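Data block for target20.cif (mmCIF, C-alpha atoms and all ligand atoms):
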data_upload
loop_
_atom_site.label_atom_id
_atom_site.label_comp_id
_atom_site.auth_asym_id
_atom_site.auth_seq_id
_atom_site.Cartn_x
_atom_site.Cartn_y
_atom_site.Cartn_z
CA MET S 1 101.13 71.90 162.96
CA HIS S 2 99.15 74.91 164.22
CA ALA S 3 98.15 75.73 160.70
CA LEU S 4 96.87 72.21 160.42
CA ILE S 5 94.67 72.61 163.51
CA ALA S 6 93.40 76.02 162.32
CA GLN S 7 92.56 74.57 158.96
CA GLN S 8 90.61 71.80 160.59
CA SER S 9 88.59 74.14 162.82
CA VAL S 10 87.42 75.95 159.69
CA THR S 11 86.04 72.81 158.10
CA THR S 12 83.68 71.91 160.90
CA SER S 13 82.42 68.74 159.34
CA GLY S 14 83.77 66.66 162.20
CA LEU S 15 87.21 65.13 162.55
CA GLU S 16 88.28 63.39 159.39
CA PRO S 17 90.49 60.32 159.75
CA ASN S 18 93.09 61.96 157.50
CA PHE S 19 93.37 64.92 159.82
CA ILE S 20 93.99 62.68 162.82
CA ILE S 21 96.73 60.84 160.97
CA GLU S 22 98.31 64.10 159.79
CA LEU S 23 98.24 65.54 163.31
CA PHE S 24 99.75 62.34 164.71
CA ARG S 25 102.52 62.50 162.12
CA ALA S 26 103.23 66.14 162.91
CA VAL S 27 103.47 65.48 166.64
CA LEU S 28 105.60 62.41 166.10
CA GLY S 29 107.87 64.34 163.74
CA ASP S 30 108.39 67.05 166.35
CA LEU S 31 109.23 64.49 169.00
CA LEU S 32 111.59 62.47 166.85
CA SER S 33 113.58 65.57 165.90
CA SER S 34 115.05 65.73 169.40
CA PRO S 35 117.28 62.81 170.43
CA TRP S 36 116.91 63.81 174.10
CA LEU S 37 113.15 63.53 173.92
CA VAL S 38 113.37 60.22 172.07
CA GLY S 39 115.68 58.87 174.76
CA PHE S 40 113.42 60.16 177.50
CA PHE S 41 110.30 58.60 176.02
CA ALA S 42 112.12 55.35 175.34
CA LEU S 43 113.16 55.19 179.01
CA MET S 44 109.61 55.98 180.14
CA ALA S 45 108.22 53.29 177.85
CA LEU S 46 110.77 50.76 179.11
CA ASN S 47 109.98 51.63 182.74
CA ALA S 48 106.24 51.31 182.12
CA MET S 49 106.80 47.98 180.40
CA VAL S 50 108.83 46.54 183.28
CA ARG S 51 106.23 47.74 185.78
CA THR S 52 103.40 46.22 183.78
CA VAL S 53 105.18 42.90 183.38
CA ARG S 54 105.95 42.76 187.11
CA ALA S 55 102.37 43.70 188.00
CA VAL S 56 101.12 40.88 185.79
CA VAL S 57 103.63 38.40 187.19
CA HIS S 58 102.79 39.23 190.79
CA GLY S 59 99.11 39.77 190.21
CA ARG S 60 97.01 42.41 191.88
CA HIS S 61 97.20 41.85 195.61
CA SER S 62 95.28 43.90 198.10
CA LYS S 63 97.08 45.17 201.16
CA ASP S 64 97.22 42.93 204.18
CA PRO S 65 94.80 44.58 206.67
CA GLN S 66 97.35 43.91 209.38
CA ARG S 67 100.41 46.12 208.92
CA ARG S 68 102.46 45.45 212.04
CA PHE S 69 103.89 42.07 212.95
CA SER S 70 102.50 40.60 216.14
CA GLY S 71 104.79 40.10 219.12
CA PHE S 72 104.82 36.35 218.47
CA ASP S 73 105.78 36.84 214.82
CA ARG S 74 108.53 39.28 215.73
CA ALA S 75 109.94 36.91 218.35
CA GLU S 76 110.02 34.07 215.82
CA ILE S 77 111.60 36.22 213.08
CA PHE S 78 114.38 37.35 215.47
CA ALA S 79 114.94 33.92 217.01
CA ARG S 80 115.35 32.04 213.73
CA ALA S 81 117.79 34.74 212.53
CA GLY S 82 119.89 34.14 215.66
CA ASN S 83 118.96 37.65 216.86
CA ARG S 84 121.11 39.24 214.21
CA CYS S 85 120.44 41.49 211.22
CA GLU S 86 119.89 39.48 208.00
CA GLN S 87 121.23 42.15 205.62
CA HIS S 88 124.06 40.83 203.48
CA SER S 89 126.50 42.71 201.27
CA TRP S 90 129.02 41.38 198.78
CA LEU S 91 131.84 43.30 200.41
CA PHE S 92 131.27 42.88 204.14
CA GLY S 93 129.17 39.73 204.36
CA ARG S 94 126.33 39.54 206.84
CA CYS S 95 125.63 42.55 209.04
CA ARG S 96 126.77 41.95 212.65
CA GLU S 97 124.21 44.18 214.34
CA SER S 98 122.14 42.45 217.02
CA GLU S 99 120.79 45.46 218.91
CA GLY S 100 117.48 47.18 218.19
CA LEU S 101 116.37 44.66 215.56
CA GLN S 102 113.19 45.34 213.60
CA ALA S 103 110.85 42.93 211.81
CA ASP S 104 110.76 43.92 208.14
CA HIS S 105 108.40 42.95 205.31
CA ILE S 106 110.65 41.46 202.62
CA HIS S 107 107.95 42.04 199.97
CA PRO S 108 106.82 45.53 201.08
CA HIS S 109 103.48 45.79 202.84
CA SER S 110 102.57 48.76 200.65
CA ARG S 111 102.94 46.45 197.60
CA GLY S 112 100.70 43.72 198.95
CA GLY S 113 103.32 41.90 201.04
CA ALA S 114 101.88 39.68 203.78
CA THR S 115 102.34 40.47 207.45
CA ALA S 116 103.48 36.93 208.15
CA VAL S 117 106.62 35.22 209.40
CA GLU S 118 107.12 33.79 205.90
CA ASN S 119 107.50 37.34 204.53
CA GLY S 120 109.56 38.66 207.43
CA GLN S 121 113.23 39.22 208.09
CA ALA S 122 115.24 40.67 210.95
CA LEU S 123 116.93 43.96 210.09
CA CYS S 124 118.87 46.43 212.19
CA ARG S 125 117.58 50.00 212.31
CA ARG S 126 120.09 51.27 209.79
CA HIS S 127 119.37 48.59 207.18
CA ASN S 128 115.62 48.81 207.65
CA LYS S 129 115.87 52.56 207.05
CA GLN S 130 117.95 52.05 203.89
CA LYS S 131 115.45 49.63 202.42
CA SER S 132 112.97 51.14 199.98
CA ALA S 133 109.49 49.88 199.04
CA ARG S 134 110.97 48.16 196.00
CA VAL S 135 109.53 44.75 195.15
CA PRO S 136 112.41 42.24 195.39
CA TRP S 137 113.19 39.98 192.44
CA ASN S 138 112.74 36.23 192.74
CA TRP S 139 116.51 35.68 192.48
CA GLU S 140 117.01 37.96 195.49
CA LEU S 141 114.56 35.87 197.51
CA ALA S 142 116.29 32.66 196.37
CA ARG S 143 119.63 34.10 197.44
CA LEU S 144 118.26 35.02 200.87
CA ALA S 145 116.78 31.54 201.30
CA ARG S 146 120.13 30.01 200.36
CA ARG S 147 122.04 32.15 202.86
CA ARG S 148 119.53 31.37 205.57
CA GLY S 149 120.65 27.75 205.34
CA ALA S 150 123.76 28.84 207.25
CA TYR S 151 121.94 30.24 210.31
CA PHE S 152 118.28 29.14 210.39
CA PRO S 153 117.52 26.25 212.78
CA PRO S 154 117.31 22.88 210.99
CA GLY S 155 113.86 22.19 209.56
CA MET S 156 112.80 25.85 209.66
CA PRO S 157 111.23 26.88 206.30
CA ARG S 158 113.57 29.37 204.60
CA ALA S 159 111.56 30.35 201.52
CA VAL S 160 109.90 33.76 201.35
CA VAL S 161 106.14 33.84 200.77
CA ARG S 162 105.25 37.25 199.36
CA HIS S 163 101.49 37.30 199.64
CA ARG S 164 98.92 35.84 201.94
CA THR S 165 97.46 32.84 200.16
CA THR S 166 94.77 31.89 202.66
CA ALA S 167 92.42 34.21 204.48
CA ARG S 168 93.37 34.68 208.10
CA PRO S 169 91.23 36.41 210.73
CA VAL S 170 92.42 39.96 211.35
CA ALA S 171 93.86 40.52 214.81
CA ASN S 172 91.73 42.73 217.01
CA GLY S 173 92.82 46.34 217.19
ZN ZN F 201 122.12 45.51 209.55
#

In structure tokens, write the structure found in this file.
Ligand SMILES: [Zn+2]
Amino acid sequence: MHALIAQQSVTTSGLEPNFIIELFRAVLGDLLSSPWLVGFFALMALNAMVRTVRAVVHGRHSKDPQRRFSGFDRAEIFARAGNRCEQHSWLFGRCRESEGLQADHIHPHSRGGATAVENGQALCRRHNKQKSARVPWNWELARLARRRGAYFPPGMPRAVVRHRTTARPVANG
């Protein structure tokens, strides 16, 4: 491959298409000779593909200028959850913690999630800490909405709204 590059630098008549193709083949050949590298690049490509698809699906959303929930929003998020953590696990069911609850963005604020009651959930300190900035899948949101049927007051909307759809005046401060 190096010989190929040296050869090209001698003939300084600009890059010929053939040279580009040859170089590409040489690099590709090197890469494909190592199964570890092939696996690594395949994983990277898959990861990039999933990210791109999800970015397209969710669109490009700017960050909500308001990061913290207002006192009113927090009170509503806690009240409708019966002042209890909304984290649920297959093994232990719903978390029983009711002390030191925190209002959490279900769709992370750093990923364009709205600071609104519709995107909020009550979490205990431990479960809020465990939660990463991962964008939840639609089936996870559907599952949460279904579970909320057991403890939300009747008539309270249970669906999660990820992004702010209408412009709202930014709270002062
Ligand atoms: Zn909890």

Practice prompt. Excluding segment 90-98 of chain S and any residue of its chain fewer than 6 positions from it, enumerate the residues within 7 Å of it, using only C-alpha atoms, and give them as a ChimeraX atom specification.
Written response: /S:83-84,124

Worksheet, complete the sentence: From the list S:Arg80, S:Arg68, S:Arg51, S:Arg74, the nearest residue to Gly155 of chain S using all atoms listed in the file is S:Arg80

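Between ligand ZN 201 (chain F) and the residues S:Lys129, S:Arg25, S:Arg147, S:Arg158, the shortest atom-to-atom distance, using only C-alpha atoms and all ligand atoms, involves S:Lys129.
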
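For the set S:Thr165, S:Ser62, S:Asn138, S:Gln87, the residue with the smallest atom-to-atom gap to ligand ZN 201 (chain F) is S:Gln87, counting all atoms listed in the file.
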
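If you look at atom CA of Ala116 of chain S and atom CA of Pro65 of chain S, they are 11.7 Å away from each other.
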
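Comparing the minimum interatomic distances between ligand ZN 201 (chain F) and each of S:Arg143, S:Arg148, S:His163, S:Arg126, counting only C-alpha atoms and all ligand atoms, we find that S:Arg126 sits nearest.
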
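One distance worth recording is that between atom CA of Gly113 of chain S and atom CA of Pro136 of chain S, which is 10.7 Å.
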
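Atom CA of Ala159 of chain S lies 19.8 Å from atom CA of Arg54 of chain S.
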
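Of the listed residues (S:Pro17, S:Gly29, S:Gly120, S:Gly100), S:Gly120 comes nearest to Arg162 of chain S; the distances count only C-alpha atoms.
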
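Closest to ligand ZN 201 (chain F) among S:Arg111, S:Arg67, S:His61, S:Lys131 is S:Lys131, based on all atoms listed in the file.
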
Fill in: Spatial neighbours of Arg146 of chain S, 12 Å, only C-alpha atoms, chain gap at least 4 places, as number ranges by chain
S: 88, 139-142, 150-152, 157-160
